[in-house]
>>> print(open('my_file10.pdb').read())   # PDB, C-alpha atoms
ATOM      1  CA  MET Q 583      45.052   8.768 -11.455
ATOM      2  CA  SER Q 584      42.944   6.284  -9.488
ATOM      3  CA  GLN Q 585      43.084   5.712  -5.742
ATOM      4  CA  SER Q 586      45.406   2.741  -6.347
ATOM      5  CA  ASP Q 587      47.810   4.660  -8.605
ATOM      6  CA  SER Q 588      51.048   6.371  -7.845
ATOM      7  CA  VAL Q 589      52.644   8.744 -10.330
ATOM      8  CA  ARG Q 590      56.405   9.068 -10.577
ATOM      9  CA  ILE Q 591      59.092  10.576 -12.748
ATOM     10  CA  VAL Q 592      61.915   8.216 -13.650
ATOM     11  CA  LEU Q 593      65.262   8.671 -15.339
ATOM     12  CA  ALA Q 594      64.603   7.709 -18.971
ATOM     13  CA  SER Q 595      68.153   8.235 -20.274
ATOM     14  CA  ARG Q 596      71.430   9.755 -19.164
ATOM     15  CA  PRO Q 597      72.032  13.281 -20.420
ATOM     16  CA  GLU Q 598      75.063  14.371 -22.388
ATOM     17  CA  GLY Q 599      75.664  17.910 -21.190
ATOM     18  CA  ARG Q 600      72.506  19.876 -20.390
ATOM     19  CA  PRO Q 601      69.571  17.656 -19.349
ATOM     20  CA  SER Q 602      66.490  17.770 -21.553
ATOM     21  CA  PRO Q 603      62.850  16.800 -20.952
ATOM     22  CA  GLN Q 604      63.544  13.601 -22.929
ATOM     23  CA  ASN Q 605      65.816  12.382 -20.127
ATOM     24  CA  PHE Q 606      62.734  12.054 -17.880
ATOM     25  CA  ARG Q 607      59.583   9.938 -18.144
ATOM     26  CA  LEU Q 608      56.330  10.200 -16.203
ATOM     27  CA  GLU Q 609      54.863   6.834 -15.234
ATOM     28  CA  HIS Q 610      51.886   5.456 -13.336
ATOM     29  CA  ALA Q 611      52.390   2.535 -10.953
ATOM     30  CA  ALA Q 612      50.501   0.670  -8.269
ATOM     31  CA  ILE Q 613      50.831   2.087  -4.769
ATOM     32  CA  PRO Q 614      53.372  -0.145  -3.000
ATOM     33  CA  THR Q 615      52.598  -2.493  -0.114
ATOM     34  CA  VAL Q 616      53.734  -1.576   3.381
ATOM     35  CA  GLY Q 617      55.894  -4.026   5.348
ATOM     36  CA  GLU Q 618      56.701  -4.282   9.029
ATOM     37  CA  GLY Q 619      58.560  -1.229  10.320
ATOM     38  CA  GLN Q 620      57.481   0.809   7.310
ATOM     39  CA  VAL Q 621      54.996   3.548   6.468
ATOM     40  CA  LEU Q 622      53.208   4.598   3.301
ATOM     41  CA  LEU Q 623      53.614   8.263   2.452
ATOM     42  CA  LYS Q 624      51.645  10.635   0.293
ATOM     43  CA  ILE Q 625      54.246  13.131  -0.864
ATOM     44  CA  LEU Q 626      53.304  16.776  -0.338
ATOM     45  CA  TYR Q 627      56.519  18.576  -1.329
ATOM     46  CA  LEU Q 628      59.608  17.595  -3.313
ATOM     47  CA  SER Q 629      62.954  19.370  -3.081
ATOM     48  CA  LEU Q 630      64.910  20.093  -6.280
ATOM     49  CA  ASP Q 631      68.652  20.527  -5.768
ATOM     50  CA  PRO Q 632      71.734  20.787  -8.018
ATOM     51  CA  TYR Q 633      73.287  17.548  -6.707
ATOM     52  CA  MET Q 634      70.583  15.616  -8.589
ATOM     53  CA  ARG Q 635      72.424  16.322 -11.843
ATOM     54  CA  GLY Q 636      75.252  14.107 -10.610
ATOM     55  CA  ARG Q 637      72.833  11.264  -9.901
ATOM     56  CA  MET Q 638      71.781  11.323 -13.561
ATOM     57  CA  SER Q 639      75.327  10.455 -14.626
ATOM     58  CA  ALA Q 640      76.977   7.047 -14.462
ATOM     59  CA  ALA Q 641      80.333   8.657 -13.599
ATOM     60  CA  LYS Q 642      81.945   7.655 -10.300
ATOM     61  CA  SER Q 643      80.855   9.945  -7.490
ATOM     62  CA  TYR Q 644      80.289  10.039  -3.731
ATOM     63  CA  ALA Q 645      76.866   8.394  -4.179
ATOM     64  CA  ALA Q 646      75.430   5.768  -6.503
ATOM     65  CA  ALA Q 647      73.869   6.930  -9.761
ATOM     66  CA  THR Q 648      70.122   6.663 -10.299
ATOM     67  CA  GLU Q 649      69.397   3.613 -12.422
ATOM     68  CA  ILE Q 650      67.602   4.020 -15.741
ATOM     69  CA  GLY Q 651      63.894   3.453 -15.182
ATOM     70  CA  GLN Q 652      64.053   4.320 -11.471
ATOM     71  CA  PRO Q 653      62.527   7.427  -9.847
ATOM     72  CA  MET Q 654      64.740  10.472  -9.582
ATOM     73  CA  GLU Q 655      66.174  10.974  -6.113
ATOM     74  CA  GLY Q 656      65.153  13.801  -3.814
ATOM     75  CA  GLY Q 657      64.197  14.967  -0.359
ATOM     76  CA  THR Q 658      60.484  15.088   0.394
ATOM     77  CA  VAL Q 659      57.879  16.067   2.942
ATOM     78  CA  GLY Q 660      55.037  13.584   3.130
ATOM     79  CA  GLU Q 661      51.937  12.615   5.076
ATOM     80  CA  VAL Q 662      51.689   9.157   6.617
ATOM     81  CA  ILE Q 663      48.616   7.424   5.232
ATOM     82  CA  GLU Q 664      49.383   3.896   6.493
ATOM     83  CA  SER Q 665      51.787   2.773   9.210
ATOM     84  CA  ARG Q 666      53.170  -0.528  10.395
ATOM     85  CA  ASP Q 667      55.422   1.043  12.974
ATOM     86  CA  PRO Q 668      54.227   2.252  16.404
ATOM     87  CA  ALA Q 669      56.249   5.473  16.169
ATOM     88  CA  PHE Q 670      54.038   6.844  13.379
ATOM     89  CA  LYS Q 671      50.327   7.110  12.752
ATOM     90  CA  PRO Q 672      48.220   8.264   9.797
ATOM     91  CA  GLY Q 673      48.223  12.027   9.540
ATOM     92  CA  ASP Q 674      51.795  12.470  10.787
ATOM     93  CA  ILE Q 675      53.961  14.708   8.612
ATOM     94  CA  VAL Q 676      57.512  13.498   8.045
ATOM     95  CA  LEU Q 677      60.739  14.356   6.290
ATOM     96  CA  SER Q 678      61.947  11.567   4.013
ATOM     97  CA  HIS Q 679      64.091  10.932   0.962
ATOM     98  CA  SER Q 680      61.412   9.433  -1.262
ATOM     99  CA  GLY Q 681      62.229  11.010  -4.619
ATOM    100  CA  TRP Q 682      60.113  12.186  -7.526
ATOM    101  CA  GLN Q 683      56.871  10.305  -6.880
ATOM    102  CA  SER Q 684      53.456  10.882  -5.387
ATOM    103  CA  HIS Q 685      53.522   7.909  -2.996
ATOM    104  CA  ALA Q 686      56.362   5.997  -1.385
ATOM    105  CA  VAL Q 687      57.038   3.332   1.210
ATOM    106  CA  ALA Q 688      59.757   4.329   3.680
ATOM    107  CA  ASN Q 689      61.456   2.645   6.604
ATOM    108  CA  ALA Q 690      60.200   4.303   9.766
ATOM    109  CA  ALA Q 691      63.700   4.428  11.249
ATOM    110  CA  GLN Q 692      64.806   6.777   8.454
ATOM    111  CA  LEU Q 693      62.052   9.351   8.975
ATOM    112  CA  ARG Q 694      61.915  12.520  11.044
ATOM    113  CA  LYS Q 695      58.553  13.765  12.277
ATOM    114  CA  LEU Q 696      57.772  17.414  11.533
ATOM    115  CA  ASP Q 697      55.591  19.822  13.490
ATOM    116  CA  PRO Q 698      53.463  21.842  11.012
ATOM    117  CA  LYS Q 699      52.837  24.445  13.720
ATOM    118  CA  ALA Q 700      56.538  25.100  14.330
ATOM    119  CA  ALA Q 701      57.470  26.233  10.810
ATOM    120  CA  PRO Q 702      56.143  26.021   7.245
ATOM    121  CA  LEU Q 703      56.604  22.470   5.998
ATOM    122  CA  THR Q 704      58.669  23.594   3.017
ATOM    123  CA  THR Q 705      61.397  24.925   5.312
ATOM    124  CA  ALA Q 706      62.302  21.315   6.178
ATOM    125  CA  LEU Q 707      63.586  21.078   2.593
ATOM    126  CA  GLY Q 708      65.315  24.463   2.662
ATOM    127  CA  VAL Q 709      66.510  26.780   5.381
ATOM    128  CA  LEU Q 710      65.762  24.253   8.168
ATOM    129  CA  GLY Q 711      66.767  21.286   6.026
ATOM    130  CA  MET Q 712      69.663  20.028   3.931
ATOM    131  CA  PRO Q 713      70.537  23.350   2.204
ATOM    132  CA  GLY Q 714      70.506  25.294   5.457
ATOM    133  CA  PHE Q 715      72.570  22.624   7.175
ATOM    134  CA  THR Q 716      75.026  22.582   4.264
ATOM    135  CA  ALA Q 717      75.607  26.307   4.774
ATOM    136  CA  TYR Q 718      75.853  25.980   8.563
ATOM    137  CA  ALA Q 719      78.209  22.992   8.699
ATOM    138  CA  GLY Q 720      80.408  24.008   5.781
ATOM    139  CA  LEU Q 721      80.848  27.605   6.871
ATOM    140  CA  LEU Q 722      81.324  27.031  10.604
ATOM    141  CA  THR Q 723      83.346  23.807  10.450
ATOM    142  CA  ILE Q 724      85.573  24.530   7.454
ATOM    143  CA  GLY Q 725      85.280  28.279   6.871
ATOM    144  CA  GLN Q 726      85.435  29.235  10.556
ATOM    145  CA  PRO Q 727      84.729  32.964   9.989
ATOM    146  CA  LYS Q 728      86.093  35.362  12.558
ATOM    147  CA  PRO Q 729      84.827  38.848  13.455
ATOM    148  CA  GLY Q 730      86.013  41.403  10.926
ATOM    149  CA  GLU Q 731      86.942  38.878   8.241
ATOM    150  CA  THR Q 732      85.504  38.939   4.724
ATOM    151  CA  VAL Q 733      83.357  35.999   3.627
ATOM    152  CA  VAL Q 734      82.438  35.703  -0.050
ATOM    153  CA  VAL Q 735      79.792  33.286  -1.306
ATOM    154  CA  ALA Q 736      78.639  32.499  -4.834
ATOM    155  CA  ALA Q 737      74.986  31.773  -5.704
ATOM    156  CA  ALA Q 738      74.148  34.130  -2.856
ATOM    157  CA  SER Q 739      70.426  34.309  -3.657
ATOM    158  CA  GLY Q 740      70.044  30.531  -3.394
ATOM    159  CA  PRO Q 741      69.170  28.527  -0.282
ATOM    160  CA  VAL Q 742      72.756  27.634   0.603
ATOM    161  CA  GLY Q 743      74.468  30.893  -0.348
ATOM    162  CA  SER Q 744      71.901  33.144   1.325
ATOM    163  CA  ALA Q 745      72.264  31.216   4.585
ATOM    164  CA  VAL Q 746      76.066  31.324   4.382
ATOM    165  CA  GLY Q 747      76.135  35.110   4.173
ATOM    166  CA  GLN Q 748      73.612  35.617   6.953
ATOM    167  CA  ILE Q 749      75.393  33.203   9.288
ATOM    168  CA  ALA Q 750      78.690  34.937   8.495
ATOM    169  CA  ARG Q 751      77.186  38.252   9.612
ATOM    170  CA  ILE Q 752      75.824  36.656  12.786
ATOM    171  CA  LYS Q 753      79.404  35.592  13.530
ATOM    172  CA  GLY Q 754      80.670  39.150  13.036
ATOM    173  CA  ALA Q 755      82.158  38.749   9.568
ATOM    174  CA  ARG Q 756      81.552  40.874   6.497
ATOM    175  CA  ALA Q 757      79.424  39.118   3.846
ATOM    176  CA  VAL Q 758      79.940  39.678   0.121
ATOM    177  CA  GLY Q 759      77.570  37.842  -2.205
ATOM    178  CA  ILE Q 760      77.769  36.988  -5.886
ATOM    179  CA  ALA Q 761      74.442  36.515  -7.689
ATOM    180  CA  GLY Q 762      72.974  36.677 -11.188
ATOM    181  CA  GLY Q 763      70.976  39.717 -12.297
ATOM    182  CA  PRO Q 764      69.809  42.989 -10.708
ATOM    183  CA  GLU Q 765      66.712  41.522  -9.043
ATOM    184  CA  LYS Q 766      68.610  38.791  -7.242
ATOM    185  CA  CYS Q 767      71.440  41.138  -6.283
ATOM    186  CA  ALA Q 768      68.990  43.650  -4.802
ATOM    187  CA  PHE Q 769      67.270  40.921  -2.784
ATOM    188  CA  VAL Q 770      70.596  39.640  -1.432
ATOM    189  CA  ARG Q 771      71.554  43.152  -0.336
ATOM    190  CA  ASP Q 772      68.214  44.491   0.885
ATOM    191  CA  THR Q 773      66.520  41.398   2.337
ATOM    192  CA  PHE Q 774      69.347  39.024   3.238
ATOM    193  CA  GLY Q 775      71.425  41.953   4.485
ATOM    194  CA  PHE Q 776      74.753  41.258   2.782
ATOM    195  CA  ASP Q 777      77.330  44.047   3.019
ATOM    196  CA  ALA Q 778      77.980  44.003  -0.738
ATOM    197  CA  VAL Q 779      76.704  42.102  -3.786
ATOM    198  CA  ILE Q 780      78.315  41.580  -7.189
ATOM    199  CA  ASP Q 781      76.471  40.536 -10.355
ATOM    200  CA  HIS Q 782      78.389  37.684 -11.959
ATOM    201  CA  ARG Q 783      76.936  38.702 -15.343
ATOM    202  CA  ASP Q 784      78.599  42.109 -15.133
ATOM    203  CA  PRO Q 785      81.547  42.310 -17.587
ATOM    204  CA  ASP Q 786      83.496  44.127 -14.860
ATOM    205  CA  MET Q 787      82.632  41.512 -12.246
ATOM    206  CA  ALA Q 788      86.250  40.742 -11.283
ATOM    207  CA  ALA Q 789      87.144  44.418 -10.787
ATOM    208  CA  LYS Q 790      83.957  45.098  -8.807
ATOM    209  CA  LEU Q 791      84.594  42.077  -6.603
ATOM    210  CA  ALA Q 792      88.093  43.342  -5.866
ATOM    211  CA  ALA Q 793      86.676  46.779  -4.971
ATOM    212  CA  ALA Q 794      84.130  45.147  -2.645
ATOM    213  CA  CYS Q 795      86.908  43.209  -0.884
ATOM    214  CA  PRO Q 796      89.589  45.853  -0.208
ATOM    215  CA  ASN Q 797      91.158  43.694   2.491
ATOM    216  CA  GLY Q 798      91.043  40.502   0.450
ATOM    217  CA  ILE Q 799      88.966  37.378   1.051
ATOM    218  CA  ASP Q 800      89.348  35.222   4.158
ATOM    219  CA  VAL Q 801      86.610  32.680   3.455
ATOM    220  CA  TYR Q 802      85.182  31.749   0.069
ATOM    221  CA  PHE Q 803      82.215  29.373   0.136
ATOM    222  CA  GLU Q 804      82.285  27.706  -3.277
ATOM    223  CA  ASN Q 805      78.965  26.774  -4.870
ATOM    224  CA  VAL Q 806      79.646  27.517  -8.519
ATOM    225  CA  GLY Q 807      83.177  27.279  -9.938
ATOM    226  CA  GLY Q 808      83.788  28.630 -13.438
ATOM    227  CA  HIS Q 809      84.523  32.319 -13.992
ATOM    228  CA  VAL Q 810      83.425  33.208 -10.452
ATOM    229  CA  TRP Q 811      86.264  31.107  -9.047
ATOM    230  CA  ASP Q 812      88.667  32.797 -11.470
ATOM    231  CA  ALA Q 813      87.694  36.201 -10.046
ATOM    232  CA  VAL Q 814      87.856  35.091  -6.414
ATOM    233  CA  PHE Q 815      91.125  33.189  -6.408
ATOM    234  CA  PRO Q 816      93.570  36.123  -6.804
ATOM    235  CA  LEU Q 817      91.900  37.900  -3.875
ATOM    236  CA  LEU Q 818      92.339  35.101  -1.351
ATOM    237  CA  ASN Q 819      94.361  36.089   1.698
ATOM    238  CA  SER Q 820      97.009  33.952   3.319
ATOM    239  CA  PHE Q 821      95.384  31.205   5.391
ATOM    240  CA  ALA Q 822      92.045  31.651   3.583
ATOM    241  CA  ARG Q 823      89.572  28.784   3.923
ATOM    242  CA  ILE Q 824      87.518  27.515   0.978
ATOM    243  CA  PRO Q 825      84.658  25.098   1.738
ATOM    244  CA  VAL Q 826      83.746  23.501  -1.617
ATOM    245  CA  CYS Q 827      80.042  22.678  -1.605
ATOM    246  CA  GLY Q 828      79.183  22.614  -5.324
ATOM    247  CA  LEU Q 829      80.376  23.402  -8.830
ATOM    248  CA  VAL Q 830      77.095  24.070 -10.592
ATOM    249  CA  ALA Q 831      78.771  25.914 -13.478
ATOM    250  CA  GLN Q 832      80.419  22.618 -14.438
ATOM    251  CA  TYR Q 833      77.607  20.119 -13.878
ATOM    252  CA  ASN Q 834      76.428  20.127 -17.487
ATOM    253  CA  ALA Q 835      79.941  20.101 -18.972
ATOM    254  CA  SER Q 836      81.101  17.181 -21.098
ATOM    255  CA  GLY Q 837      84.550  16.373 -22.416
ATOM    256  CA  GLN Q 838      87.660  18.361 -21.586
ATOM    257  CA  PHE Q 839      87.373  21.796 -20.001
ATOM    258  CA  PRO Q 840      88.397  24.601 -22.369
ATOM    259  CA  GLY Q 841      91.183  27.090 -21.765
ATOM    260  CA  PRO Q 842      94.730  26.921 -20.421
ATOM    261  CA  ASP Q 843      95.813  24.645 -17.597
ATOM    262  CA  ARG Q 844      95.700  26.844 -14.495
ATOM    263  CA  LEU Q 845      96.416  24.064 -12.024
ATOM    264  CA  PRO Q 846     100.180  24.708 -11.617
ATOM    265  CA  GLY Q 847      99.612  28.372 -10.758
ATOM    266  CA  MET Q 848      96.761  27.528  -8.440
ATOM    267  CA  MET Q 849      98.808  24.930  -6.575
ATOM    268  CA  ARG Q 850     101.663  27.413  -6.218
ATOM    269  CA  ASP Q 851      99.302  29.833  -4.465
ATOM    270  CA  VAL Q 852      97.746  27.066  -2.362
ATOM    271  CA  LEU Q 853     101.244  26.402  -1.047
ATOM    272  CA  SER Q 854     102.557  29.963  -0.763
ATOM    273  CA  LYS Q 855      99.364  31.339   0.852
ATOM    274  CA  SER Q 856      98.750  28.280   3.058
ATOM    275  CA  LEU Q 857      95.220  27.942   1.691
ATOM    276  CA  THR Q 858      92.741  25.365   2.971
ATOM    277  CA  ILE Q 859      90.522  23.951   0.224
ATOM    278  CA  ARG Q 860      88.130  21.322   1.559
ATOM    279  CA  GLY Q 861      85.361  19.632  -0.330
ATOM    280  CA  PHE Q 862      82.522  18.275   1.768
ATOM    281  CA  ILE Q 863      79.184  16.503   1.674
ATOM    282  CA  GLN Q 864      76.856  17.780   4.376
ATOM    283  CA  ARG Q 865      75.944  14.341   5.660
ATOM    284  CA  GLU Q 866      79.460  13.807   7.049
ATOM    285  CA  PHE Q 867      78.670  16.423   9.704
ATOM    286  CA  ALA Q 868      75.028  15.512  10.302
ATOM    287  CA  ALA Q 869      75.329  13.120  13.226
ATOM    288  CA  ALA Q 870      77.310  15.569  15.342
ATOM    289  CA  GLN Q 871      75.821  18.893  14.276
ATOM    290  CA  ALA Q 872      72.290  18.522  12.888
ATOM    291  CA  PRO Q 873      70.384  18.836  16.209
ATOM    292  CA  THR Q 874      72.316  21.981  17.175
ATOM    293  CA  PHE Q 875      71.797  23.384  13.683
ATOM    294  CA  ARG Q 876      68.020  22.971  13.849
ATOM    295  CA  GLU Q 877      67.886  24.639  17.253
ATOM    296  CA  GLU Q 878      70.120  27.570  16.291
ATOM    297  CA  MET Q 879      68.644  28.140  12.853
ATOM    298  CA  ALA Q 880      65.080  28.104  14.206
ATOM    299  CA  ARG Q 881      66.097  30.723  16.763
ATOM    300  CA  TRP Q 882      67.844  32.905  14.154
ATOM    301  CA  ILE Q 883      64.750  32.797  11.945
ATOM    302  CA  ALA Q 884      62.482  33.690  14.872
ATOM    303  CA  GLU Q 885      64.764  36.592  15.771
ATOM    304  CA  GLY Q 886      64.846  37.838  12.174
ATOM    305  CA  ALA Q 887      68.610  37.300  11.887
ATOM    306  CA  VAL Q 888      68.089  34.811   9.033
ATOM    307  CA  LYS Q 889      65.551  35.265   6.253
ATOM    308  CA  TYR Q 890      64.770  32.912   3.379
ATOM    309  CA  LYS Q 891      63.060  32.833   0.007
ATOM    310  CA  GLU Q 892      61.280  29.931  -1.679
ATOM    311  CA  ASP Q 893      60.425  29.267  -5.317
ATOM    312  CA  ILE Q 894      57.480  26.843  -5.390
ATOM    313  CA  VAL Q 895      56.360  25.051  -8.561
ATOM    314  CA  THR Q 896      53.023  23.223  -8.594
ATOM    315  CA  GLY Q 897      52.675  19.758 -10.121
ATOM    316  CA  LEU Q 898      55.090  16.820 -10.227
ATOM    317  CA  GLU Q 899      54.863  16.844 -14.018
ATOM    318  CA  ASN Q 900      56.605  20.226 -13.975
ATOM    319  CA  ALA Q 901      59.602  18.994 -11.998
ATOM    320  CA  PRO Q 902      61.849  18.193 -15.008
ATOM    321  CA  GLU Q 903      61.575  21.660 -16.554
ATOM    322  CA  ALA Q 904      61.980  23.303 -13.153
ATOM    323  CA  PHE Q 905      65.085  21.223 -12.490
ATOM    324  CA  ILE Q 906      66.611  22.110 -15.865
ATOM    325  CA  GLY Q 907      65.969  25.766 -15.027
ATOM    326  CA  LEU Q 908      67.645  25.324 -11.641
ATOM    327  CA  LEU Q 909      70.884  24.280 -13.325
ATOM    328  CA  GLU Q 910      70.705  27.432 -15.454
ATOM    329  CA  GLY Q 911      69.963  29.760 -12.537
ATOM    330  CA  ARG Q 912      66.341  30.495 -13.479
ATOM    331  CA  ASN Q 913      64.980  29.796  -9.998
ATOM    332  CA  PHE Q 914      64.910  32.481  -7.327
ATOM    333  CA  GLY Q 915      65.192  30.959  -3.876
ATOM    334  CA  LYS Q 916      64.829  27.371  -2.664
ATOM    335  CA  LEU Q 917      63.169  25.375  -5.421
ATOM    336  CA  VAL Q 918      60.326  23.153  -4.207
ATOM    337  CA  VAL Q 919      57.646  21.230  -6.090
ATOM    338  CA  LYS Q 920      54.203  21.124  -4.516
ATOM    339  CA  LEU Q 921      52.412  17.902  -5.448
TER     340      LEU Q 921
END
>>> encode(input="my_file10.pdb", output="structure tokens")
Amino acid sequence: MSQSDSVRIVLASRPEGRPSPQNFRLEHAAIPTVGEGQVLLKILYLSLDPYMRGRMSAAKSYAAATEIGQPMEGGTVGEVIESRDPAFKPGDIVLSHSGWQSHAVANAAQLRKLDPKAAPLTTALGVLGMPGFTAYAGLLTIGQPKPGETVVVAAASGPVGSAVGQIARIKGARAVGIAGGPEKCAFVRDTFGFDAVIDHRDPDMAAKLAAACPNGIDVYFENVGGHVWDAVFPLLNSFARIPVCGLVAQYNASGQFPGPDRLPGMMRDVLSKSLTIRGFIQREFAAAQAPTFREEMARWIAEGAVKYKEDIVTGLENAPEAFIGLLEGRNFGKLVVKL
């Protein structure tokens, strides 16, 4: 790559079911020109997140699909190398949404300056960024855990789930995590400090979850769907709250879902137990809550009340395989690509 080249990964085709490396294409392009009110960024870190699977599909969703031939979407940390806005100068480090590419032009008004001395830069994409805020806003606004209640969260070793459980404990609730495999379960229990952890690969998962929740479940933070939801649902207490953040078990599905239609029974219980099921996208809470989140989360980390784990992959060319692995649960912690 020459000094005038940018490298990027674009969507080459839309996947049917599980994405494959053939759905992505690495390209070289000229570094774009900077206009008034814009800056040129050299991307340092790229966030990989499950929501990106939805952007690969043309199906109607809460956000527009990525167009074929355009760079994959994603949050980034970058260094300003040219600026045509007085608020930024070369050398500044910023949070942006520049996608899977080595260089990008961004509107200065859409950037947030980061202090490299305050926290590792990668945390702006994880515990102090969108995943951490998703946990904070979804749990506290929708879940509203109270002291002594039981909060269950799926994908508990991931960046959202791990924060949910730790915030629940800060608020005086009991945290029960669901994760995949002994190593992840041990980390959730021993490092993140959950009260109990269940392995979703265990054939007795439903029975063990029930044993871990003897007083039922008051808040279930949904990241996964699938058989985890099937195990959780019968344990929900009256007036339980269910923030629905993601359904990663279903993202690669195509066609009709197998099995019997459980919707009538589920709706009966939603009514009879007065359940609150609320899907959300974190950005709907950002304007009102993001500044408070950053202040509180930074303090919790400094105090040791919240811990985090990162899974860093080196090289933009490795992003597609890392992303495919993310959808299959192969990552351990917040998945970040270092360019």
>>> residues_near_point(input="my_file10.pdb", point="(68.2, 34.1, 0.3)", cutoff="7 Å", atoms="all atoms listed in the file", output="PyMOL selection string")
chain Q and resi 738-741+744-745+770+774+889-891+915
>>> atom_distance(input="my_file10.pdb", atom1="atom CA of Arg783 of chain Q", atom2="atom CA of Val814 of chain Q")
14.6 Å
>>> closest_residue(input="my_file10.pdb", among="Q:Gly660, Q:Pro702, Q:Pro632, Q:Pro825", to="Gln726 of chain Q", atoms="all atoms listed in the file")
Q:Pro825
>>> closest_residue(input="my_file10.pdb", among="Q:Glu661, Q:Glu598, Q:Asp587, Q:Asp667", to="Gly617 of chain Q", atoms="all atoms listed in the file")
Q:Asp667
>>> residues_near_point(input="my_file10.pdb", point="(69.1, 17.2, -9.1)", cutoff="9 Å", atoms="all atoms listed in the file", output="ChimeraX atom specification")
/Q:629-638,654-656,905-906,908-909
>>> write_last_selection(input="my_file10.pdb", atoms="C-alpha atoms", output="compact mmCIF listing (two decimals), in the coordinates of the input")
# COMPACT_ATOMS: atom_id res chain seq x y z
CA SER Q 629 62.95 19.37 -3.08
CA LEU Q 630 64.91 20.09 -6.28
CA ASP Q 631 68.65 20.53 -5.77
CA PRO Q 632 71.73 20.79 -8.02
CA TYR Q 633 73.29 17.55 -6.71
CA MET Q 634 70.58 15.62 -8.59
CA ARG Q 635 72.42 16.32 -11.84
CA GLY Q 636 75.25 14.11 -10.61
CA ARG Q 637 72.83 11.26 -9.90
CA MET Q 638 71.78 11.32 -13.56
CA MET Q 654 64.74 10.47 -9.58
CA GLU Q 655 66.17 10.97 -6.11
CA GLY Q 656 65.15 13.80 -3.81
CA PHE Q 905 65.08 21.22 -12.49
CA ILE Q 906 66.61 22.11 -15.86
CA LEU Q 908 67.64 25.32 -11.64
CA LEU Q 909 70.88 24.28 -13.32
>>> atom_distance(input="my_file10.pdb", atom1="atom CA of Met787 of chain Q", atom2="atom CA of Glu910 of chain Q")
18.7 Å
>>> residues_around(input="my_file10.pdb", residues="Leu921 of chain Q", least_positions_apart="3", cutoff="7 Å", atoms="all atoms listed in the file", output="ChimeraX atom specification")
/Q:625-627,896-898
>>> residues_around(input="my_file10.pdb", residues="Asn819 of chain Q", least_positions_apart="2", cutoff="7 Å", atoms="only C-alpha atoms", output="MDAnalysis selection string")
chainID Q and resid 798:800 817 821:822 855
>>> closest_residue(input="my_file10.pdb", among="Q:Arg666, Q:His685, Q:Arg596, Q:Lys916", to="Ile613 of chain Q", atoms="all atoms listed in the file")
Q:His685
>>> decode(input="my_file10.pdb", residues="segment 870-879 of chain Q", atoms="N, CA, C and O atoms", output="compact mmCIF listing (two decimals), in the first residue's frame")
# COMPACT_ATOMS: atom_id res chain seq x y z
N ALA Q 870 -29.84 11.55 26.09
CA ALA Q 870 -30.15 11.84 27.49
C ALA Q 870 -29.19 11.19 28.47
O ALA Q 870 -28.96 11.72 29.55
N GLN Q 871 -28.62 10.03 28.11
CA GLN Q 871 -27.91 9.24 29.10
C GLN Q 871 -26.42 9.04 28.86
O GLN Q 871 -25.70 8.66 29.78
N ALA Q 872 -25.94 9.26 27.64
CA ALA Q 872 -24.55 8.93 27.34
C ALA Q 872 -23.53 9.67 28.21
O ALA Q 872 -22.57 9.05 28.70
N PRO Q 873 -23.67 10.97 28.46
CA PRO Q 873 -22.67 11.63 29.31
C PRO Q 873 -22.63 11.06 30.72
O PRO Q 873 -21.53 10.85 31.28
N THR Q 874 -23.79 10.78 31.31
CA THR Q 874 -23.83 10.19 32.65
C THR Q 874 -23.22 8.80 32.64
O THR Q 874 -22.50 8.41 33.58
N PHE Q 875 -23.53 8.04 31.59
CA PHE Q 875 -22.94 6.70 31.46
C PHE Q 875 -21.43 6.75 31.48
O PHE Q 875 -20.77 5.99 32.21
N ARG Q 876 -20.83 7.62 30.66
CA ARG Q 876 -19.37 7.67 30.59
C ARG Q 876 -18.76 8.04 31.93
O ARG Q 876 -17.72 7.50 32.32
N GLU Q 877 -19.40 8.93 32.64
CA GLU Q 877 -18.90 9.35 33.95
C GLU Q 877 -19.01 8.20 34.96
O GLU Q 877 -18.04 7.89 35.68
N GLU Q 878 -20.17 7.55 35.01
CA GLU Q 878 -20.37 6.48 35.98
C GLU Q 878 -19.54 5.25 35.66
O GLU Q 878 -18.92 4.64 36.55
N MET Q 879 -19.51 4.87 34.39
CA MET Q 879 -18.76 3.67 34.02
C MET Q 879 -17.26 3.87 34.27
O MET Q 879 -16.58 2.95 34.75
